[in-house]
$ cat structure.cif   # mmCIF, C-alpha atoms, pLDDT in the B column; chains and numbers go by the auth columns
data_final
loop_
_atom_site.group_PDB
_atom_site.id
_atom_site.type_symbol
_atom_site.label_atom_id
_atom_site.label_comp_id
_atom_site.label_asym_id
_atom_site.label_seq_id
_atom_site.Cartn_x
_atom_site.Cartn_y
_atom_site.Cartn_z
_atom_site.B_iso_or_equiv
_atom_site.auth_seq_id
_atom_site.auth_asym_id
ATOM 1 C CA MET A 1 -55.226 -16.304 -49.448 75.00 1065 A
ATOM 2 C CA ALA A 2 -58.143 -14.027 -50.144 86.00 1066 A
ATOM 3 C CA LYS A 3 -57.356 -10.356 -50.523 90.00 1067 A
ATOM 4 C CA THR A 4 -59.818 -7.801 -49.201 92.00 1068 A
ATOM 5 C CA VAL A 5 -60.329 -4.505 -51.016 90.00 1069 A
ATOM 6 C CA GLN A 6 -62.166 -1.858 -49.132 90.00 1070 A
ATOM 7 C CA ILE A 7 -64.146 0.684 -51.087 89.00 1071 A
ATOM 8 C CA ASP A 8 -65.136 3.888 -49.375 93.00 1072 A
ATOM 9 C CA VAL A 9 -68.543 4.241 -51.025 94.00 1073 A
ATOM 10 C CA ALA A 10 -69.371 7.513 -49.275 95.00 1074 A
ATOM 11 C CA ARG A 11 -66.143 9.096 -50.520 95.00 1075 A
ATOM 12 C CA LEU A 12 -66.762 7.756 -54.026 94.00 1076 A
ATOM 13 C CA ASN A 13 -70.276 9.180 -54.055 95.00 1077 A
ATOM 14 C CA ARG A 14 -69.017 12.554 -52.842 95.00 1078 A
ATOM 15 C CA ALA A 15 -66.441 12.578 -55.666 96.00 1079 A
ATOM 16 C CA ILE A 16 -69.087 11.703 -58.274 96.00 1080 A
ATOM 17 C CA ALA A 17 -71.346 14.482 -56.977 96.00 1081 A
ATOM 18 C CA ALA A 18 -68.473 16.976 -57.006 97.00 1082 A
ATOM 19 C CA GLY A 19 -67.425 15.870 -60.500 97.00 1083 A
ATOM 20 C CA LEU A 20 -70.959 16.172 -61.862 97.00 1084 A
ATOM 21 C CA ASN A 21 -71.345 19.603 -60.271 98.00 1085 A
ATOM 22 C CA LYS A 22 -68.059 20.864 -61.739 98.00 1086 A
ATOM 23 C CA THR A 23 -68.851 19.454 -65.206 98.00 1087 A
ATOM 24 C CA THR A 24 -72.324 21.035 -65.198 98.00 1088 A
ATOM 25 C CA GLN A 25 -70.818 24.406 -64.257 98.00 1089 A
ATOM 26 C CA GLN A 26 -68.281 24.069 -67.092 98.00 1090 A
ATOM 27 C CA LEU A 27 -71.048 23.264 -69.590 98.00 1091 A
ATOM 28 C CA ALA A 28 -73.096 26.231 -68.312 98.00 1092 A
ATOM 29 C CA LYS A 29 -70.097 28.519 -68.803 98.00 1093 A
ATOM 30 C CA GLU A 30 -69.559 27.172 -72.324 98.00 1094 A
ATOM 31 C CA THR A 31 -73.249 27.678 -73.200 98.00 1095 A
ATOM 32 C CA GLN A 32 -73.027 31.319 -72.074 98.00 1096 A
ATOM 33 C CA ARG A 33 -69.835 31.674 -74.133 98.00 1097 A
ATOM 34 C CA GLN A 34 -71.719 30.379 -77.201 97.00 1098 A
ATOM 35 C CA ILE A 35 -74.424 33.021 -76.698 97.00 1099 A
ATOM 36 C CA LYS A 36 -71.763 35.746 -76.445 96.00 1100 A
ATOM 37 C CA ALA A 37 -69.800 34.493 -79.487 95.00 1101 A
ATOM 38 C CA LYS A 38 -70.135 36.617 -82.635 92.00 1102 A
ATOM 39 C CA LYS A 39 -70.466 33.532 -84.816 92.00 1103 A
ATOM 40 C CA TRP A 40 -74.126 33.012 -85.624 92.00 1104 A
ATOM 41 C CA GLY A 41 -75.223 33.439 -89.213 84.00 1105 A
ATOM 42 C CA TRP A 42 -78.135 35.784 -89.937 83.00 1106 A
ATOM 43 C CA PRO A 43 -79.367 36.781 -93.395 78.00 1107 A
ATOM 44 C CA ARG A 44 -79.433 40.577 -92.951 77.00 1108 A
ATOM 45 C CA ARG A 45 -78.434 43.560 -90.804 80.00 1109 A
ATOM 46 C CA THR A 46 -80.824 44.444 -87.955 80.00 1110 A
ATOM 47 C CA GLN A 47 -81.312 47.454 -85.697 82.00 1111 A
ATOM 48 C CA ARG A 48 -81.344 46.019 -82.189 83.00 1112 A
ATOM 49 C CA ALA A 49 -83.221 47.185 -79.102 84.00 1113 A
ATOM 50 C CA ASN A 50 -79.871 48.101 -77.525 85.00 1114 A
ATOM 51 C CA GLY A 51 -79.385 50.692 -80.301 84.00 1115 A
ATOM 52 C CA ARG A 52 -76.617 48.850 -82.142 85.00 1116 A
ATOM 53 C CA VAL A 53 -76.792 47.425 -85.647 83.00 1117 A
ATOM 54 C CA ALA A 54 -76.126 43.672 -85.793 83.00 1118 A
ATOM 55 C CA GLY A 55 -74.468 42.253 -88.911 79.00 1119 A
ATOM 56 C CA THR A 56 -74.761 38.952 -90.753 80.00 1120 A
ATOM 57 C CA THR A 57 -72.592 37.161 -88.194 85.00 1121 A
ATOM 58 C CA ARG A 58 -73.647 38.065 -84.696 86.00 1122 A
ATOM 59 C CA ASN A 59 -73.915 37.100 -81.064 91.00 1123 A
ATOM 60 C CA ILE A 60 -77.273 36.398 -79.326 91.00 1124 A
ATOM 61 C CA ARG A 61 -77.061 39.209 -76.781 90.00 1125 A
ATOM 62 C CA ASP A 62 -78.991 42.404 -77.534 86.00 1126 A
ATOM 63 C CA LEU A 63 -80.397 43.228 -74.052 88.00 1127 A
ATOM 64 C CA ASP A 64 -79.031 39.944 -72.572 93.00 1128 A
ATOM 65 C CA GLU A 65 -82.505 38.688 -71.699 94.00 1129 A
ATOM 66 C CA LEU A 66 -81.525 35.165 -72.824 96.00 1130 A
ATOM 67 C CA LEU A 67 -78.076 35.215 -71.207 96.00 1131 A
ATOM 68 C CA ASP A 68 -79.482 36.386 -67.858 96.00 1132 A
ATOM 69 C CA SER A 69 -82.270 33.768 -67.822 97.00 1133 A
ATOM 70 C CA MET A 70 -80.028 30.728 -67.262 97.00 1134 A
ATOM 71 C CA ASP A 71 -80.721 28.412 -64.331 98.00 1135 A
ATOM 72 C CA VAL A 72 -78.323 25.614 -63.366 98.00 1136 A
ATOM 73 C CA LEU A 73 -79.542 22.664 -61.329 97.00 1137 A
ATOM 74 C CA VAL A 74 -77.446 19.660 -60.280 97.00 1138 A
ATOM 75 C CA LEU A 75 -79.358 16.593 -59.115 94.00 1139 A
ATOM 76 C CA ASP A 76 -78.034 13.214 -57.942 88.00 1140 A
ATOM 77 C CA ASP A 77 -77.631 11.821 -61.439 90.00 1141 A
ATOM 78 C CA GLN A 78 -77.957 14.751 -63.844 94.00 1142 A
ATOM 79 C CA GLY A 79 -77.104 18.374 -64.405 96.00 1143 A
ATOM 80 C CA GLN A 80 -79.734 20.644 -65.923 97.00 1144 A
ATOM 81 C CA ILE A 81 -79.113 23.943 -67.669 97.00 1145 A
ATOM 82 C CA THR A 82 -82.345 25.791 -68.429 98.00 1146 A
ATOM 83 C CA TYR A 83 -82.928 29.085 -70.185 98.00 1147 A
ATOM 84 C CA GLN A 84 -86.171 30.557 -68.840 97.00 1148 A
ATOM 85 C CA ALA A 85 -86.552 33.398 -71.364 96.00 1149 A
ATOM 86 C CA ALA A 86 -89.714 33.017 -73.473 93.00 1150 A
ATOM 87 C CA HIS A 87 -87.732 33.182 -76.727 94.00 1151 A
ATOM 88 C CA SER A 88 -85.079 30.628 -75.696 96.00 1152 A
ATOM 89 C CA LEU A 89 -86.533 27.793 -77.832 96.00 1153 A
ATOM 90 C CA VAL A 90 -87.262 29.822 -80.956 96.00 1154 A
ATOM 91 C CA VAL A 91 -83.730 31.255 -80.899 96.00 1155 A
ATOM 92 C CA HIS A 92 -82.280 27.739 -80.519 97.00 1156 A
ATOM 93 C CA GLU A 93 -84.444 26.061 -83.164 97.00 1157 A
ATOM 94 C CA GLY A 94 -85.265 28.818 -85.637 96.00 1158 A
ATOM 95 C CA ARG A 95 -88.650 28.964 -87.353 97.00 1159 A
ATOM 96 C CA ALA A 96 -90.073 28.280 -90.803 97.00 1160 A
ATOM 97 C CA ASP A 97 -93.337 30.269 -90.780 97.00 1161 A
ATOM 98 C CA ILE A 98 -91.386 33.383 -91.816 95.00 1162 A
ATOM 99 C CA PRO A 99 -88.524 33.476 -94.353 92.00 1163 A
ATOM 100 C CA ASN A 100 -85.517 34.699 -92.363 91.00 1164 A
ATOM 101 C CA TYR A 101 -85.191 33.115 -88.944 93.00 1165 A
ATOM 102 C CA PRO A 102 -82.334 30.588 -88.745 94.00 1166 A
ATOM 103 C CA GLY A 103 -81.784 28.596 -85.559 95.00 1167 A
ATOM 104 C CA ARG A 104 -78.833 29.442 -83.369 96.00 1168 A
ATOM 105 C CA PRO A 105 -78.400 26.237 -81.339 96.00 1169 A
ATOM 106 C CA TYR A 106 -76.259 27.574 -78.498 97.00 1170 A
ATOM 107 C CA GLY A 107 -76.919 24.445 -76.377 97.00 1171 A
ATOM 108 C CA THR A 108 -76.030 21.918 -79.065 95.00 1172 A
ATOM 109 C CA ALA A 109 -72.927 23.942 -79.934 95.00 1173 A
ATOM 110 C CA ALA A 110 -71.810 23.986 -76.278 97.00 1174 A
ATOM 111 C CA ILE A 111 -72.215 20.215 -75.943 95.00 1175 A
ATOM 112 C CA ALA A 112 -70.275 19.694 -79.186 93.00 1176 A
ATOM 113 C CA ALA A 113 -67.495 22.036 -78.049 95.00 1177 A
ATOM 114 C CA LEU A 114 -66.722 20.023 -74.915 97.00 1178 A
ATOM 115 C CA ASP A 115 -65.714 16.384 -74.553 95.00 1179 A
ATOM 116 C CA LEU A 116 -68.179 15.828 -71.713 96.00 1180 A
ATOM 117 C CA PRO A 117 -67.409 12.158 -70.835 96.00 1181 A
ATOM 118 C CA THR A 118 -63.672 12.907 -70.530 97.00 1182 A
ATOM 119 C CA LEU A 119 -64.360 16.120 -68.613 97.00 1183 A
ATOM 120 C CA LEU A 120 -66.612 14.275 -66.147 97.00 1184 A
ATOM 121 C CA GLU A 121 -64.022 11.525 -65.654 97.00 1185 A
ATOM 122 C CA THR A 122 -61.245 14.074 -65.048 98.00 1186 A
ATOM 123 C CA ASN A 123 -63.379 16.008 -62.573 98.00 1187 A
ATOM 124 C CA ILE A 124 -64.275 12.848 -60.611 97.00 1188 A
ATOM 125 C CA ARG A 125 -60.617 11.728 -60.521 97.00 1189 A
ATOM 126 C CA ARG A 126 -59.555 15.167 -59.250 97.00 1190 A
ATOM 127 C CA ALA A 127 -62.212 15.037 -56.541 96.00 1191 A
ATOM 128 C CA LEU A 128 -60.846 11.659 -55.388 94.00 1192 A
ATOM 129 C CA ARG A 129 -57.296 12.962 -54.875 90.00 1193 A
ATOM 130 C CA MET B 1 -78.884 9.652 -95.708 88.00 330 B
ATOM 131 C CA THR B 2 -79.733 11.942 -98.604 91.00 331 B
ATOM 132 C CA LEU B 3 -82.316 14.719 -98.761 95.00 332 B
ATOM 133 C CA GLU B 4 -84.570 12.334 -100.657 96.00 333 B
ATOM 134 C CA ASP B 5 -84.225 9.701 -97.884 95.00 334 B
ATOM 135 C CA PHE B 6 -85.060 12.285 -95.212 96.00 335 B
ATOM 136 C CA LYS B 7 -88.058 13.526 -97.181 97.00 336 B
ATOM 137 C CA LEU B 8 -89.332 9.963 -97.652 96.00 337 B
ATOM 138 C CA LEU B 9 -88.942 9.173 -93.936 95.00 338 B
ATOM 139 C CA LEU B 10 -91.009 12.186 -92.922 97.00 339 B
ATOM 140 C CA SER B 11 -93.620 12.006 -95.639 95.00 340 B
ATOM 141 C CA ALA B 12 -94.182 8.269 -95.035 96.00 341 B
ATOM 142 C CA ALA B 13 -95.126 9.168 -91.447 97.00 342 B
ATOM 143 C CA VAL B 14 -97.290 12.254 -91.984 98.00 343 B
ATOM 144 C CA SER B 15 -98.285 12.664 -95.664 97.00 344 B
ATOM 145 C CA ASP B 16 -101.970 11.851 -95.019 98.00 345 B
ATOM 146 C CA LEU B 17 -102.069 14.559 -92.308 98.00 346 B
ATOM 147 C CA LEU B 18 -100.730 17.387 -94.456 98.00 347 B
ATOM 148 C CA GLY B 19 -102.875 20.315 -95.537 98.00 348 B
ATOM 149 C CA THR B 20 -102.857 21.937 -98.942 97.00 349 B
ATOM 150 C CA ALA B 21 -101.098 24.814 -100.678 97.00 350 B
ATOM 151 C CA THR B 22 -102.278 26.647 -103.773 95.00 351 B
ATOM 152 C CA LEU B 23 -99.593 27.316 -106.384 91.00 352 B
ATOM 153 C CA ASP B 24 -99.438 30.423 -108.616 89.00 353 B
ATOM 154 C CA GLY B 25 -101.337 28.742 -111.468 91.00 354 B
ATOM 155 C CA GLY B 26 -104.155 27.696 -109.104 93.00 355 B
ATOM 156 C CA ALA B 27 -103.177 24.039 -108.687 95.00 356 B
ATOM 157 C CA GLN B 28 -103.606 22.593 -105.193 95.00 357 B
ATOM 158 C CA VAL B 29 -100.740 20.473 -103.841 96.00 358 B
ATOM 159 C CA PRO B 30 -99.920 18.808 -100.502 97.00 359 B
ATOM 160 C CA ALA B 31 -98.254 21.287 -98.135 97.00 360 B
ATOM 161 C CA LEU B 32 -94.746 19.794 -98.259 97.00 361 B
ATOM 162 C CA PHE B 33 -91.925 22.124 -99.250 97.00 362 B
ATOM 163 C CA VAL B 34 -88.136 21.937 -99.319 97.00 363 B
ATOM 164 C CA ARG B 35 -86.939 25.450 -98.608 94.00 364 B
ATOM 165 C CA ASN B 36 -83.961 27.274 -97.181 92.00 365 B
ATOM 166 C CA THR B 37 -83.911 30.051 -94.637 90.00 366 B
ATOM 167 C CA GLY B 38 -84.533 33.140 -96.767 88.00 367 B
ATOM 168 C CA ASP B 39 -86.872 31.441 -99.271 92.00 368 B
ATOM 169 C CA ASP B 40 -90.398 32.855 -99.530 92.00 369 B
ATOM 170 C CA VAL B 41 -93.161 31.218 -97.488 94.00 370 B
ATOM 171 C CA ASN B 42 -96.229 30.143 -99.500 92.00 371 B
ATOM 172 C CA PRO B 43 -99.040 32.252 -97.987 91.00 372 B
ATOM 173 C CA SER B 44 -101.870 29.989 -99.163 94.00 373 B
ATOM 174 C CA VAL B 45 -101.204 26.962 -96.922 97.00 374 B
ATOM 175 C CA GLU B 46 -104.123 25.629 -94.912 97.00 375 B
ATOM 176 C CA GLY B 47 -103.773 22.963 -92.235 98.00 376 B
ATOM 177 C CA LEU B 48 -100.456 21.251 -91.512 98.00 377 B
ATOM 178 C CA GLU B 49 -97.324 22.181 -93.455 98.00 378 B
ATOM 179 C CA LEU B 50 -94.065 20.220 -93.541 98.00 379 B
ATOM 180 C CA VAL B 51 -90.999 22.319 -94.349 98.00 380 B
ATOM 181 C CA ILE B 52 -87.737 20.463 -94.980 98.00 381 B
ATOM 182 C CA ARG B 53 -84.321 22.153 -94.998 97.00 382 B
ATOM 183 C CA PRO B 54 -82.315 20.957 -98.028 95.00 383 B
ATOM 184 C CA LEU B 55 -78.957 20.484 -96.299 92.00 384 B
ATOM 185 C CA PRO B 56 -78.009 18.964 -92.941 92.00 385 B
ATOM 186 C CA VAL B 57 -76.191 21.242 -90.502 91.00 386 B
ATOM 187 C CA ASP B 58 -73.358 20.930 -87.995 89.00 387 B
ATOM 188 C CA ALA B 59 -73.527 21.811 -84.283 86.00 388 B
ATOM 189 C CA ASP B 60 -73.193 25.528 -85.132 85.00 389 B
ATOM 190 C CA ASN B 61 -76.128 25.365 -87.585 85.00 390 B
ATOM 191 C CA GLN B 62 -73.808 25.728 -90.566 84.00 391 B
ATOM 192 C CA PRO B 63 -74.912 23.794 -93.680 83.00 392 B
ATOM 193 C CA VAL B 64 -72.736 20.768 -94.407 82.00 393 B
ATOM 194 C CA TYR B 65 -72.165 20.080 -98.090 76.00 394 B
ATOM 195 C CA GLY B 66 -70.478 16.738 -97.492 67.00 395 B
ATOM 196 C CA GLY B 67 -66.888 15.578 -97.215 62.00 396 B
ATOM 197 C CA ALA B 68 -66.143 16.356 -93.573 60.00 397 B
ATOM 198 C CA ALA B 69 -66.223 13.449 -91.139 52.00 398 B
ATOM 199 C CA ILE B 70 -68.548 15.023 -88.587 72.00 399 B
ATOM 200 C CA GLU B 71 -71.997 14.280 -87.263 80.00 400 B
ATOM 201 C CA THR B 72 -74.678 16.213 -89.061 90.00 401 B
ATOM 202 C CA THR B 73 -78.326 16.842 -88.317 94.00 402 B
ATOM 203 C CA TRP B 74 -81.229 17.076 -90.757 95.00 403 B
ATOM 204 C CA GLN B 75 -83.821 19.732 -90.003 97.00 404 B
ATOM 205 C CA ALA B 76 -87.490 20.155 -90.772 98.00 405 B
ATOM 206 C CA TYR B 77 -90.491 21.933 -89.289 98.00 406 B
ATOM 207 C CA LEU B 78 -94.160 21.135 -88.851 98.00 407 B
ATOM 208 C CA ILE B 79 -96.318 24.253 -88.957 98.00 408 B
ATOM 209 C CA GLN B 80 -99.967 24.102 -87.924 98.00 409 B
ATOM 210 C CA TRP B 81 -101.691 27.014 -89.665 97.00 410 B
ATOM 211 C CA ALA B 82 -104.857 28.324 -88.006 95.00 411 B
ATOM 212 C CA SER B 83 -106.997 27.702 -91.075 94.00 412 B
ATOM 213 C CA GLY B 84 -107.673 24.120 -92.160 94.00 413 B
ATOM 214 C CA GLN B 85 -107.601 20.819 -90.303 96.00 414 B
ATOM 215 C CA TYR B 86 -105.742 20.488 -86.992 98.00 415 B
ATOM 216 C CA THR B 87 -103.490 17.418 -87.281 98.00 416 B
ATOM 217 C CA ILE B 88 -100.157 18.397 -85.694 98.00 417 B
ATOM 218 C CA THR B 89 -100.692 16.354 -82.499 98.00 418 B
ATOM 219 C CA THR B 90 -101.130 13.134 -84.480 98.00 419 B
ATOM 220 C CA ALA B 91 -98.126 14.005 -86.647 98.00 420 B
ATOM 221 C CA HIS B 92 -96.040 14.629 -83.513 98.00 421 B
ATOM 222 C CA GLN B 93 -97.004 11.236 -82.056 97.00 422 B
ATOM 223 C CA ARG B 94 -96.181 9.392 -85.268 97.00 423 B
ATOM 224 C CA LEU B 95 -92.744 11.000 -85.615 97.00 424 B
ATOM 225 C CA LEU B 96 -91.964 10.455 -81.939 96.00 425 B
ATOM 226 C CA HIS B 97 -92.733 6.735 -82.146 96.00 426 B
ATOM 227 C CA GLY B 98 -91.591 6.184 -85.735 94.00 427 B
ATOM 228 C CA LEU B 99 -88.150 7.801 -85.954 94.00 428 B
ATOM 229 C CA ARG B 100 -85.331 6.652 -83.719 90.00 429 B
ATOM 230 C CA ASN B 101 -83.281 9.479 -82.107 92.00 430 B
ATOM 231 C CA VAL B 102 -85.581 12.172 -83.492 96.00 431 B
ATOM 232 C CA GLN B 103 -85.776 15.439 -81.519 96.00 432 B
ATOM 233 C CA LEU B 104 -89.120 17.231 -81.593 98.00 433 B
ATOM 234 C CA ILE B 105 -88.974 20.681 -80.031 97.00 434 B
ATOM 235 C CA PRO B 106 -91.910 23.113 -79.820 96.00 435 B
ATOM 236 C CA VAL B 107 -91.158 26.548 -81.260 96.00 436 B
ATOM 237 C CA PRO B 108 -93.564 29.136 -79.843 92.00 437 B
ATOM 238 C CA THR B 109 -94.268 32.003 -82.268 93.00 438 B
ATOM 239 C CA PRO B 110 -96.853 34.145 -80.430 92.00 439 B
ATOM 240 C CA ASP B 111 -96.173 37.080 -82.794 94.00 440 B
ATOM 241 C CA ASN B 112 -97.774 35.186 -85.697 94.00 441 B
ATOM 242 C CA ALA B 113 -101.516 34.720 -85.089 94.00 442 B
ATOM 243 C CA ALA B 114 -101.836 32.654 -88.286 96.00 443 B
ATOM 244 C CA VAL B 115 -99.760 29.874 -86.693 97.00 444 B
ATOM 245 C CA LEU B 116 -101.222 27.762 -83.904 97.00 445 B
ATOM 246 C CA GLU B 117 -98.200 25.578 -83.266 97.00 446 B
ATOM 247 C CA GLN B 118 -94.791 24.891 -84.734 98.00 447 B
ATOM 248 C CA ILE B 119 -92.443 21.981 -84.055 98.00 448 B
ATOM 249 C CA SER B 120 -88.773 21.790 -84.957 98.00 449 B
ATOM 250 C CA ILE B 121 -87.714 18.320 -86.153 98.00 450 B
ATOM 251 C CA LYS B 122 -84.072 17.283 -85.902 97.00 451 B
ATOM 252 C CA LEU B 123 -82.650 13.935 -86.959 96.00 452 B
ATOM 253 C CA PRO B 124 -78.938 13.199 -86.343 93.00 453 B
ATOM 254 C CA ASP B 125 -77.160 11.523 -89.256 89.00 454 B
ATOM 255 C CA THR B 126 -73.686 10.070 -88.913 73.00 455 B
ATOM 256 C CA SER B 127 -73.808 8.469 -92.357 69.00 456 B
ATOM 257 C CA TYR B 128 -74.079 11.693 -94.372 55.00 457 B
ATOM 258 C CA ALA B 129 -70.373 12.559 -94.516 49.00 458 B
ATOM 259 C CA SER B 130 -69.279 9.140 -95.775 45.00 459 B
ATOM 260 C CA GLN B 131 -71.970 9.052 -98.463 45.00 460 B
ATOM 261 C CA ALA B 132 -71.281 12.528 -99.827 41.00 461 B
#

$ encode --input "structure.cif" --output "structure tokens"
Amino acid sequence: MAKTVQIDVARLNRAIAAGLNKTTQQLAKETQRQIKAKKWGWPRRTQRANGRVAGTTRNIRDLDELLDSMDVLVLDDQGQITYQAAHSLVVHEGRADIPNYPGRPYGTAAIAALDLPTLLETNIRRALR
Amino acid sequence: MTLEDFKLLLSAAVSDLLGTATLDGGAQVPALFVRNTGDDVNPSVEGLELVIRPLPVDADNQPVYGGAAIETTWQAYLIQWASGQYTITTAHQRLLHGLRNVQLIPVPTPDNAAVLEQISIKLPDTSYASQA
């Protein structure tokens, strides 16, 4: 005898959307945490615009222009985290036209810090409960 | 992948597009340098310069000297100096189509008028740790 399995596609899609939204928010939080972390190597001490002196391991804060420029967008099939500040790319990648400007890849570090596939799966399962 | 492998991959794609640098003794050489953050920049470069970082890095941009079983990324930069021939667009196209998984990210440096464009090149390498 044939067995019928009913799948509630609408509920499944809602759970996927909720899971993707939650995972994107978690990645955004982790990226901000990376910017705040006093972990990034820099070859010398610097007087910052905020008046403090930053050492050879530092965060990427100063006046928080980068931190405050984050936009989070969740679409049907992807989450986007964008930093709108003009210096967001040069901070992430570093530069080679001057001697001392190492990259501080806060985005790559955030992705590496989280197990995103497992996190997404967990978030979708929770949304289905 | 070793530094030599990475250098060969990049130079095979763009060597004919590189500009020139003048060394201290007056000799002119292709503008391809392996240099670390902190090393002096050669001020005589005209045209396109390829700068290769000597060690791959981990996700926190820390140099990886080998041994640890983690994914590493090789780094290089293309710098289009304002003087000399403009070839960075062709170089960008060749790397984009020639290197699998390569990341090419523009790095705006509006505070340096001598530089027209700069591109960060990143190539993930899972084989580095096991070869070291």

$ interface_residues --input "structure.cif" --of "chain B" --to "chain A" --cutoff "8 Å" --atoms "all atoms listed in the file" --output "list in words"
Thr366, Gly367, Asp368, Asp369, Val370, Val380, Ala388, Asp389, Asn390, Gln391, Tyr406, Ile408, Ile434, Pro435, Val436, Pro437, Thr438, Val444, Gln447 and Ser449 of chain B

$ atom_distance --input "structure.cif" --atom1 "CA of Ile381 (chain B)" --atom2 "CA of Gln1096 (chain A)"
29.3 Å

$ resolve_selection --input "structure.cif" --expression "the PyMOL selection byres ((chain A and resi 1180-1188) around 6)" --output "compact mmCIF listing (two decimals) with C-alpha atoms, in the frame of the given file"
# COMPACT_ATOMS: atom_id res chain seq x y z
CA ALA A 1079 -66.44 12.58 -55.67
CA ILE A 1080 -69.09 11.70 -58.27
CA GLY A 1083 -67.42 15.87 -60.50
CA THR A 1087 -68.85 19.45 -65.21
CA LEU A 1178 -66.72 20.02 -74.92
CA ASP A 1179 -65.71 16.38 -74.55
CA ARG A 1189 -60.62 11.73 -60.52
CA ARG A 1190 -59.56 15.17 -59.25
CA ALA A 1191 -62.21 15.04 -56.54

$ residues_around --input "structure.cif" --residues "Ala342 (chain B)" --least-positions-apart "5" --cutoff "8 Å" --atoms "all atoms listed in the file" --output "short mmCIF file (atom, residue, chain, number, x, y, z; two decimals) with C-alpha atoms, keeping the file's coordinate frame"
data_model
loop_
_atom_site.label_atom_id
_atom_site.label_comp_id
_atom_site.auth_asym_id
_atom_site.auth_seq_id
_atom_site.Cartn_x
_atom_site.Cartn_y
_atom_site.Cartn_z
CA ALA B 420 -98.13 14.00 -86.65
CA ARG B 423 -96.18 9.39 -85.27
CA LEU B 424 -92.74 11.00 -85.62
CA GLY B 427 -91.59 6.18 -85.74
#

$ residues_around --input "structure.cif" --residues "Gln414 (chain B)" --least-positions-apart "4" --cutoff "9 Å" --atoms "only C-alpha atoms" --output "compact mmCIF listing (two decimals) with C-alpha atoms, keeping the file's coordinate frame"
# COMPACT_ATOMS: atom_id res chain seq x y z
CA LEU B 346 -102.07 14.56 -92.31
CA LEU B 347 -100.73 17.39 -94.46
CA GLY B 348 -102.88 20.32 -95.54
CA GLU B 375 -104.12 25.63 -94.91
CA GLY B 376 -103.77 22.96 -92.24
CA LEU B 377 -100.46 21.25 -91.51
CA GLN B 409 -99.97 24.10 -87.92
CA TRP B 410 -101.69 27.01 -89.66

$ atom_distance --input "structure.cif" --atom1 "CA of Asn1077 (chain A)" --atom2 "CA of Ile1145 (chain A)"
21.9 Å

$ residues_around --input "structure.cif" --residues "Val1136 (chain A)" --least-positions-apart "6" --cutoff "10 Å" --atoms "only C-alpha atoms" --output "ChimeraX atom specification"
/A:1085,1088-1089,1091-1092,1143-1147

$ atom_distance --input "structure.cif" --atom1 "CA of Gly355 (chain B)" --atom2 "CA of Ala405 (chain B)"
25.9 Å

$ axis_aligned_box --input "structure.cif" --around "region 342-357 of chain B" --padding-each-side "4 Å" --output "AutoDock Vina command-line options"
--center_x -99.6 --center_y 19.8 --center_z -101.5 --size_x 17.0 --size_y 29.3 --size_z 28.0

$ closest_residue --input "structure.cif" --among "B:Leu352, B:Leu452, B:Leu337, B:Ile399" --to "Ser373 (chain B)" --atoms "all atoms listed in the file"
B:Leu352

$ resolve_selection --input "structure.cif" --expression "the PyMOL selection byres ((chain A and resi 1126) around 7)" --output "ChimeraX atom specification"
/A:1112-1114,1124-1125,1127-1128

$ write_last_selection --input "structure.cif" --atoms "C-alpha atoms" --output "PDB file, keeping the file's coordinate frame"
ATOM      1  CA  ARG A1112     -81.344  46.019 -82.189  1.00 83.00           C
ATOM      2  CA  ALA A1113     -83.221  47.185 -79.102  1.00 84.00           C
ATOM      3  CA  ASN A1114     -79.871  48.101 -77.525  1.00 85.00           C
ATOM      4  CA  ILE A1124     -77.273  36.398 -79.326  1.00 91.00           C
ATOM      5  CA  ARG A1125     -77.061  39.209 -76.781  1.00 90.00           C
ATOM      6  CA  LEU A1127     -80.397  43.228 -74.052  1.00 88.00           C
ATOM      7  CA  ASP A1128     -79.031  39.944 -72.572  1.00 93.00           C
TER       8      ASP A1128
END
